[in-house]
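Below is the file target_33.cif, which contains mmCIF, C-alpha atoms.
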```cif
data_structure
#
loop_
_atom_site.label_atom_id
_atom_site.label_comp_id
_atom_site.auth_asym_id
_atom_site.auth_seq_id
_atom_site.Cartn_x
_atom_site.Cartn_y
_atom_site.Cartn_z
CA MET A 964 29.62 31.43 -16.18
CA LEU A 965 28.32 31.99 -19.70
CA LYS A 966 24.65 32.26 -20.74
CA PHE A 967 22.91 33.31 -23.94
CA TYR A 968 19.56 35.07 -24.25
CA LYS A 969 17.41 36.26 -27.11
CA THR A 970 14.03 37.92 -27.44
CA THR A 971 11.51 35.82 -29.37
CA ALA A 972 9.97 37.46 -32.43
CA VAL A 973 6.40 36.30 -31.73
CA GLU A 974 6.05 36.47 -27.93
CA LYS A 975 8.60 39.27 -27.59
CA LYS A 976 9.91 37.71 -24.40
CA LEU A 977 13.45 36.95 -23.36
CA LYS A 978 14.39 33.29 -23.39
CA LYS A 979 17.58 31.35 -22.89
CA ALA A 980 19.34 30.17 -26.02
CA LYS A 981 21.61 27.18 -26.51
CA THR A 982 23.87 28.85 -29.05
CA ILE A 983 25.07 32.36 -29.84
CA THR A 984 23.25 33.88 -32.81
CA GLU A 985 22.86 37.36 -34.25
CA ASN A 986 21.03 39.85 -31.98
CA SER A 987 21.77 37.67 -28.95
CA TRP A 988 22.57 38.90 -25.47
CA ILE A 989 25.66 37.18 -24.10
CA ASP A 990 25.88 37.33 -20.30
CA MET A 991 29.33 36.59 -18.85
CA VAL A 992 29.88 36.34 -15.10
CA SER A 993 33.49 35.77 -14.06
CA PRO A 994 34.10 33.72 -17.24
CA ASP A 995 36.93 31.22 -17.52
CA LYS A 996 39.47 31.07 -20.35
CA GLU A 997 37.46 28.66 -22.51
CA GLU A 998 34.29 30.78 -22.28
CA ILE A 999 36.23 33.93 -23.21
CA GLU A 1000 37.80 32.22 -26.21
CA GLN A 1001 34.36 30.97 -27.34
CA VAL A 1002 32.82 34.45 -27.25
CA VAL A 1003 35.85 36.08 -28.90
CA LYS A 1004 35.78 33.54 -31.74
CA ILE A 1005 32.08 34.04 -32.50
CA THR A 1006 31.84 37.84 -32.03
CA GLY A 1007 35.32 38.85 -33.20
CA ILE A 1008 35.85 41.31 -30.35
CA ASP A 1009 39.18 42.05 -28.69
CA GLU A 1010 39.81 39.64 -25.81
CA ASP A 1011 41.18 42.46 -23.64
CA LEU A 1012 37.72 44.06 -23.46
CA ILE A 1013 36.48 41.05 -21.51
CA LEU A 1014 39.61 40.57 -19.41
CA LYS A 1015 39.50 44.18 -18.23
CA MET A 1016 36.03 43.66 -16.76
CA LEU A 1017 37.23 40.90 -14.43
CA ASP A 1018 38.86 43.60 -12.28
CA ASP A 1019 36.67 44.77 -9.36
CA GLU A 1020 38.32 48.20 -9.48
CA GLU A 1021 37.48 48.98 -13.13
CA ARG A 1022 36.18 52.54 -13.41
CA PRO A 1023 33.19 53.79 -15.50
CA ARG A 1024 34.17 54.89 -18.99
CA ILE A 1025 33.57 54.35 -22.71
CA GLU A 1026 36.21 52.63 -24.83
CA GLU A 1027 36.19 51.73 -28.51
CA SER A 1028 38.24 48.81 -29.84
CA GLY A 1029 37.94 47.17 -33.26
CA ASN A 1030 34.35 46.22 -34.01
CA ALA A 1031 33.08 46.88 -30.47
CA VAL A 1032 32.33 49.62 -27.94
CA LEU A 1033 32.86 48.92 -24.23
CA ILE A 1034 30.67 50.87 -21.81
CA VAL A 1035 31.66 50.46 -18.15
CA ILE A 1036 29.37 51.57 -15.31
CA ASP A 1037 29.29 51.08 -11.53
CA THR A 1038 26.28 49.33 -10.01
CA PRO A 1039 25.23 49.08 -6.33
CA TYR A 1040 25.09 45.80 -4.46
CA LEU A 1041 24.44 44.70 -0.89
CA GLU A 1042 27.40 43.34 1.05
CA THR A 1043 26.68 41.38 4.24
CA GLU A 1044 29.25 41.56 7.04
CA GLU A 1045 28.59 39.47 10.17
CA ASP A 1046 25.65 41.10 12.01
CA HIS A 1047 25.15 44.09 9.71
CA PHE A 1048 25.16 44.98 6.03
CA VAL A 1049 26.66 47.73 3.90
CA TYR A 1050 26.30 48.78 0.28
CA ASN A 1051 29.19 48.79 -2.14
CA THR A 1052 29.62 49.21 -5.89
CA SER A 1053 30.68 46.76 -8.58
CA PRO A 1054 31.63 47.35 -12.25
CA LEU A 1055 29.46 46.14 -15.11
CA GLY A 1056 30.77 46.10 -18.66
CA ILE A 1057 28.46 46.33 -21.69
CA ILE A 1058 30.03 45.50 -25.04
CA VAL A 1059 28.09 46.42 -28.17
CA THR A 1060 29.45 45.00 -31.43
CA THR A 1061 28.93 46.11 -35.03
CA ASN A 1062 27.87 42.55 -35.93
CA ASN A 1063 24.76 42.73 -33.71
CA PHE A 1064 25.78 41.27 -30.37
CA VAL A 1065 25.42 42.69 -26.86
CA ILE A 1066 27.76 41.26 -24.24
CA THR A 1067 27.54 42.00 -20.50
CA VAL A 1068 30.60 41.18 -18.38
CA SER A 1069 30.90 41.37 -14.60
CA PRO A 1070 33.25 39.87 -11.99
CA SER A 1071 30.24 38.60 -9.98
CA VAL A 1072 26.48 38.11 -10.41
CA ASN A 1073 24.91 41.51 -11.07
CA LYS A 1074 21.35 41.99 -9.80
CA ILE A 1075 20.69 44.90 -12.17
CA LEU A 1076 20.33 42.38 -14.99
CA THR A 1077 17.89 40.19 -13.06
CA ASN A 1078 14.83 42.24 -14.09
CA PHE A 1079 15.80 41.82 -17.74
CA LYS A 1080 16.13 38.06 -17.35
CA LYS A 1081 12.71 37.91 -15.67
CA ASN A 1082 11.04 39.96 -18.44
CA LYS A 1083 10.19 42.77 -16.03
CA VAL A 1084 11.61 45.58 -18.19
CA LYS A 1085 9.09 47.18 -20.54
CA ASP A 1086 9.87 47.19 -24.28
CA PHE A 1087 13.09 45.22 -23.89
CA ARG A 1088 14.44 43.59 -27.05
CA THR A 1089 17.91 42.11 -27.47
CA ALA A 1090 17.92 43.37 -31.05
CA LYS A 1091 17.57 46.99 -29.84
CA LYS A 1092 21.14 47.32 -28.67
CA THR A 1093 21.21 51.06 -27.94
CA ARG A 1094 17.94 50.89 -26.03
CA PHE A 1095 19.22 47.88 -24.07
CA VAL A 1096 22.27 49.88 -22.94
CA ILE A 1097 20.13 52.88 -21.93
CA GLN A 1098 17.67 50.62 -20.08
CA ILE A 1099 20.56 49.14 -18.07
CA LEU A 1100 21.72 52.65 -17.18
CA TYR A 1101 18.17 53.69 -16.23
CA ASN A 1102 17.67 50.62 -14.03
CA THR A 1103 21.06 51.21 -12.42
CA ALA A 1104 20.11 54.79 -11.48
CA GLN A 1105 16.82 53.52 -10.00
CA ALA A 1106 18.73 50.84 -8.03
CA TYR A 1107 20.89 53.58 -6.50
CA ILE A 1108 17.79 55.55 -5.49
CA ARG A 1109 16.24 52.46 -3.84
CA ALA A 1110 19.50 51.76 -1.99
CA LEU A 1111 19.68 55.40 -0.86
CA ARG A 1112 16.18 55.10 0.64
CA VAL A 1113 17.41 52.12 2.68
CA VAL A 1114 20.50 54.07 3.76
CA ASN A 1115 18.31 57.03 4.80
CA ARG A 1116 16.10 54.76 6.93
CA LYS A 1117 19.20 53.32 8.60
CA ILE A 1118 20.44 56.86 9.32
CA GLU A 1119 17.13 57.73 10.99
CA LEU A 1120 17.18 54.52 13.06
CA LYS A 1121 20.77 55.11 14.16
CA GLU A 1122 19.91 58.70 15.07
CA GLU A 1123 17.22 57.41 17.45
CA VAL A 1124 19.66 54.91 18.97
CA LEU A 1125 22.39 57.53 19.40
CA SER A 1126 19.97 59.86 21.20
CA LYS A 1127 19.86 57.24 23.99
CA SER A 1128 23.28 55.63 23.76
CA THR A 1129 26.54 56.66 22.12
CA SER A 1130 28.40 53.35 22.05
CA ASN A 1131 31.40 52.80 19.80
CA ARG A 1132 29.47 50.18 17.78
CA ASP A 1133 26.75 52.68 16.88
CA LEU A 1134 29.29 55.32 15.87
CA LEU A 1135 31.13 52.76 13.72
CA ASP A 1136 27.83 51.87 12.01
CA MET A 1137 27.41 55.55 11.16
CA LEU A 1138 30.92 55.52 9.71
CA ASP A 1139 29.98 52.53 7.51
CA LEU A 1140 26.95 54.45 6.21
CA GLU A 1141 29.10 57.46 5.44
CA LYS A 1142 31.56 55.21 3.57
CA THR A 1143 28.65 53.79 1.55
CA LEU A 1144 27.55 57.28 0.54
CA VAL A 1145 31.08 58.18 -0.54
CA TYR A 1146 31.22 55.07 -2.75
CA PHE A 1147 27.80 55.88 -4.21
CA LEU A 1148 28.64 59.50 -4.90
CA THR A 1149 31.92 58.63 -6.63
CA SER A 1150 30.27 55.96 -8.80
CA LEU A 1151 27.21 58.07 -9.66
CA LYS A 1152 29.34 60.99 -10.83
CA ALA A 1153 31.41 58.64 -13.00
CA ASN A 1154 28.20 57.11 -14.44
CA ASP A 1155 26.96 60.63 -15.13
CA LEU A 1156 29.95 61.23 -17.40
CA VAL A 1157 29.13 58.04 -19.32
CA LEU A 1158 25.49 59.15 -19.74
CA ASP A 1159 26.59 62.58 -20.89
CA LYS A 1160 28.87 61.08 -23.53
CA LEU A 1161 26.10 58.77 -24.77
CA SER A 1162 23.68 61.70 -25.03
CA LYS A 1163 25.94 63.36 -27.59
CA GLY A 1164 25.22 60.49 -30.00
CA GLY A 1165 28.79 59.78 -31.04
CA VAL A 1166 29.14 56.46 -29.26
CA LEU A 1167 25.95 54.57 -30.22
CA PRO A 1168 23.29 55.55 -32.76
CA LEU A 1169 20.15 56.91 -31.06
CA PHE A 1170 16.82 55.86 -32.55
CA GLU A 1171 13.25 57.05 -32.03
CA GLY A 1172 12.34 56.99 -28.34
CA ASP A 1173 15.94 56.50 -27.20
CA ASP A 1174 16.42 60.23 -26.53
CA ASP A 1175 13.52 60.36 -24.05
CA LEU A 1176 14.66 57.23 -22.23
CA LEU A 1177 18.22 58.54 -22.07
CA ASP A 1178 16.96 61.86 -20.65
CA ASP A 1179 15.04 59.91 -17.99
CA ALA A 1180 18.19 57.95 -17.11
CA ILE A 1181 20.19 61.18 -16.81
CA ILE A 1182 17.51 62.76 -14.56
CA GLU A 1183 17.35 59.66 -12.32
CA ASN A 1184 21.13 59.56 -12.03
CA LYS A 1185 21.36 63.27 -11.14
CA GLN A 1186 18.61 62.80 -8.57
CA ALA A 1187 20.61 59.95 -7.01
CA ILE A 1188 23.69 62.22 -6.91
CA GLU A 1189 21.73 64.97 -5.13
CA GLN A 1190 20.28 62.52 -2.61
CA SER A 1191 23.73 61.07 -1.91
CA GLU A 1192 25.14 64.53 -1.25
CA ILE A 1193 22.21 65.47 1.03
CA TYR A 1194 22.41 62.25 3.04
CA ARG A 1195 26.18 62.51 3.34
CA ASN A 1196 25.92 66.07 4.67
CA ILE A 1197 23.21 65.02 7.13
CA LEU A 1198 25.27 62.04 8.27
CA SER A 1199 28.42 64.13 8.70
CA SER A 1200 26.44 66.66 10.76
CA ILE A 1201 24.94 63.91 12.96
CA THR A 1202 28.31 62.25 13.49
CA GLU A 1203 29.98 65.54 14.44
CA THR A 1204 27.10 66.47 16.76
CA TYR A 1205 27.18 63.19 18.65
CA GLY A 1206 30.95 63.27 18.75
CA THR A 1207 30.69 66.68 20.42
CA ILE A 1208 28.04 65.34 22.83
CA VAL A 1209 30.29 62.43 23.84
CA SER A 1210 33.20 64.83 24.40
CA ASN A 1211 30.99 67.24 26.38
CA ASN A 1212 29.65 64.39 28.56
CA LEU A 1213 33.21 63.34 29.32
CA ASN A 1214 34.10 66.92 30.29
CA GLU A 1215 31.07 67.06 32.61
CA ILE A 1216 32.14 63.83 34.30
CA MET A 1217 35.72 65.06 34.72
CA LYS A 1218 34.46 68.37 36.10
CA PHE A 1219 32.26 66.57 38.65
CA LEU A 1220 35.07 64.25 39.70
CA ALA A 1221 37.46 67.21 40.13
CA GLY A 1222 34.90 69.08 42.26
CA ALA A 1223 34.13 65.97 44.33
CA THR A 1224 37.87 65.46 44.89
CA ILE A 1225 38.21 69.02 46.23
CA VAL A 1226 35.24 68.57 48.59
CA ILE A 1227 36.52 65.25 49.91
CA SER A 1228 40.05 66.66 50.35
CA VAL A 1229 38.85 69.16 53.01
CA PRO A 1230 38.23 66.61 55.83
CA THR A 1231 41.28 64.68 54.63
CA MET A 1232 43.47 67.78 55.06
CA ILE A 1233 42.01 68.51 58.52
CA SER A 1234 42.48 64.95 59.77
CA SER A 1235 45.98 64.85 58.31
CA PHE A 1236 46.91 68.12 60.05
CA LEU A 1237 45.49 67.05 63.39
CA GLY A 1238 47.24 63.70 63.11
CA MET A 1239 50.72 65.30 63.19
CA ASN A 1240 50.79 65.39 67.06
CA VAL A 1241 50.18 69.13 67.17
CA PRO A 1242 49.04 70.55 70.54
CA LEU A 1243 45.27 71.03 70.61
CA GLY A 1244 45.01 72.68 74.00
CA GLU A 1245 41.69 72.28 75.81
CA LEU A 1246 40.18 70.58 72.70
CA ALA A 1247 42.41 67.58 73.28
CA ASN A 1248 40.91 67.04 76.75
CA ASN A 1249 37.33 67.51 75.59
CA PRO A 1250 35.47 64.16 75.34
CA LEU A 1251 33.54 65.53 72.32
CA SER A 1252 36.71 66.55 70.43
CA ALA A 1253 36.32 63.84 67.76
CA SER A 1254 32.71 64.77 67.14
CA LEU A 1255 33.52 68.48 66.99
CA ILE A 1256 36.35 67.89 64.48
CA PHE A 1257 34.08 65.67 62.37
CA ILE A 1258 31.26 68.26 62.39
CA ALA A 1259 33.71 71.06 61.49
CA SER A 1260 35.07 68.99 58.60
CA VAL A 1261 31.56 68.29 57.30
CA VAL A 1262 30.55 71.96 57.58
CA LEU A 1263 33.68 73.12 55.73
CA SER A 1264 33.09 70.47 53.02
CA ILE A 1265 29.49 71.66 52.58
CA ILE A 1266 30.65 75.30 52.32
CA VAL A 1267 33.26 74.35 49.68
CA ALA A 1268 30.65 72.31 47.78
CA ILE A 1269 28.20 75.25 47.75
CA ILE A 1270 30.92 77.60 46.46
CA LEU A 1271 31.87 75.14 43.68
CA TYR A 1272 28.19 74.58 42.77
CA LYS A 1273 27.56 78.33 42.43
CA LYS A 1274 30.58 78.59 40.15
CA ASN A 1275 29.18 75.70 38.04
CA MET A 1276 32.14 73.55 38.92
CA LEU A 1277 30.17 70.77 40.60
#
```

Reformat the file's structure so that it appears as structure tokens.
Amino acid sequence: MLKFYKTTAVEKKLKKAKTITENSWIDMVSPDKEEIEQVVKITGIDEDLILKMLDDEERPRIEESGNAVLIVIDTPYLETEEDHFVYNTSPLGIIVTTNNFVITVSPSVNKILTNFKKNKVKDFRTAKKTRFVIQILYNTAQAYIRALRVVNRKIELKEEVLSKSTSNRDLLDMLDLEKTLVYFLTSLKANDLVLDKLSKGGVLPLFEGDDDLLDDAIIENKQAIEQSEIYRNILSSITETYGTIVSNNLNEIMKFLAGATIVISVPTMISSFLGMNVPLGELANNPLSASLIFIASVVLSIIVAIILYKKNML
């Protein structure tokens, strides 16, 4: 999919364009061969810069090639799986050319760019290429923070559920959350390196006001990194704690069953012994012999149970 946008000079609002002109924003989402050739012909960039961004595993970095600079970052997105959802990350490529074009390339629709298309980003102009790049990075960091708030709420909800029930499904949900935080932390640290390189001013020229916005983007990204680390540590602690609780509960059950087996084995042993045709003397001729043996077995079982209880084995 290929779309063109440009900020109007009078209204200063982003609008769709029918053709690619100077200072345009070219948005490419999983483009086909014809669309790639069209953009390459007009902008003069290396075709490989676009082809690389069609890989879901592309890592954040900055690459210069010919008349263009490719800036790759990771962005968060929501992934729905059957009855639950998890967050994952997806690469977004931003190509800035020396002949005044900005090209965004992604393997799937990227929601980070939606606010730009809806004119919800303050002071956004397609002609301000450096600021556009920094604004994307700033909005990406904020998107991570919003996603982390959702993850934190899910952790709190799962903690309440696990306090009442420790089913495998709930523990697997916690594992999914931990996996999400690992993805986030890896991507945020890689994005941080991109921001750090941009702040040195050697990649794109920084104009008035760009420094402050870039500092804000760096602060937001570092805050997201810190939150990811905190939530991951909390989640790991919760998972380990409830894993220990499950194991301890199992030990308690096994201990009870072992003690109950010992108590029940007492009358079994007595009845087994007396059933071997051993002489019982006068007891054999007593009409209350069965009752006496039963009472003796019960008394011995109670004594054994008391002993085991005092030793915390029952």

Please identify every residue of stretch 1133-1250 of chain A that has at least one atom no farther than 10 Å from an atom of stretch 1015-1022 of chain A, counting only C-alpha atoms, and for each give the shortest atom pair and the distance in Å to one decimal, arranged by chain then increasing number, as a Markdown table.
```
| residue | atom | partner | partner_atom | distance |
| --- | --- | --- | --- | --- |
| A:Ser1150 | CA | A:Arg1022 | CA | 8.2 |
| A:Ala1153 | CA | A:Arg1022 | CA | 7.8 |
| A:Asn1154 | CA | A:Arg1022 | CA | 9.3 |
```

Suppose we keep C-alpha atoms; can you now write the selection as a PDB file, in the frame of the given file?
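Below you can see result.pdb, which holds the result:
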```pdb
ATOM      1  CA  SER A1150      30.270  55.960  -8.800  1.00  0.00           C
ATOM      2  CA  ALA A1153      31.410  58.640 -13.000  1.00  0.00           C
ATOM      3  CA  ASN A1154      28.200  57.110 -14.440  1.00  0.00           C
TER       4      ASN A1154
END
```

Specify as an mmCIF file with C-alpha atoms, in the frame of the given file each residue included when the PyMOL selection byres ((chain A and resi 1060) around 8) is applied to this file.
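Once everything was written out, this is part04.cif:
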```cif
data_model
loop_
_atom_site.group_PDB
_atom_site.id
_atom_site.type_symbol
_atom_site.label_atom_id
_atom_site.label_comp_id
_atom_site.auth_asym_id
_atom_site.auth_seq_id
_atom_site.Cartn_x
_atom_site.Cartn_y
_atom_site.Cartn_z
ATOM 1 C CA THR A 1006 31.840 37.840 -32.030
ATOM 2 C CA ILE A 1008 35.850 41.310 -30.350
ATOM 3 C CA ASN A 1030 34.350 46.220 -34.010
ATOM 4 C CA ALA A 1031 33.080 46.880 -30.470
ATOM 5 C CA VAL A 1032 32.330 49.620 -27.940
ATOM 6 C CA ILE A 1058 30.030 45.500 -25.040
ATOM 7 C CA VAL A 1059 28.090 46.420 -28.170
ATOM 8 C CA THR A 1061 28.930 46.110 -35.030
ATOM 9 C CA ASN A 1062 27.870 42.550 -35.930
ATOM 10 C CA ASN A 1063 24.760 42.730 -33.710
ATOM 11 C CA PHE A 1064 25.780 41.270 -30.370
ATOM 12 C CA VAL A 1065 25.420 42.690 -26.860
#
```

- Task: Find the distance between atom CA of A:Asn1184 and atom CA of A:Asn1078 and write it in Å to one decimal.
- Result: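 A separation of 18.5 Å between them.
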
Excluding A:Asp1009 and any residue of its chain fewer than 3 positions from it, enumerate the residues within 9 Å of it, using only C-alpha atoms, and give them as a PyMOL selection string. chain A and resi 1003+1012-1013+1028-1031

Excluding A:Ile1181 and its own-chain neighbours fewer than 5 positions away, which residues fall within 8 Å of it when counting only C-alpha atoms? Please give them as an NGL selection string. :A and (1101 or 1155 or 1158-1159)

Write out as a VMD selection string the residues lying within 8 Å of stretch 1191-1206 of chain A, counting all atoms listed in the file and excluding same-chain residues fewer than 5 positions away.
chain A and resid 1111 1115 1118 1122 1125 1129 1134 1137 1141 1144 to 1145 1147 to 1148

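Of the listed residues (A:Lys1160, A:Lys966, A:Lys1142, A:Arg1112), A:Arg1112 comes nearest to A:Ala1187; the distances count only C-alpha atoms.
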
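Interatomic distance, atom CA of A:Ile1182 to atom CA of A:Ile1066: 25.7 Å.
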
Fill in: Residues matched by the PyMOL selection byres ((chain A and resi 1265) around 12) as a list in words
Gly1222, Ala1223, Ile1225, Val1226, Ile1227, Ser1228, Val1229, Pro1230, Ile1258, Ala1259, Ser1260, Val1261, Val1262, Leu1263, Ser1264, Ile1266, Val1267, Ala1268, Ile1269, Ile1270, Leu1271 and Tyr1272 of chain A
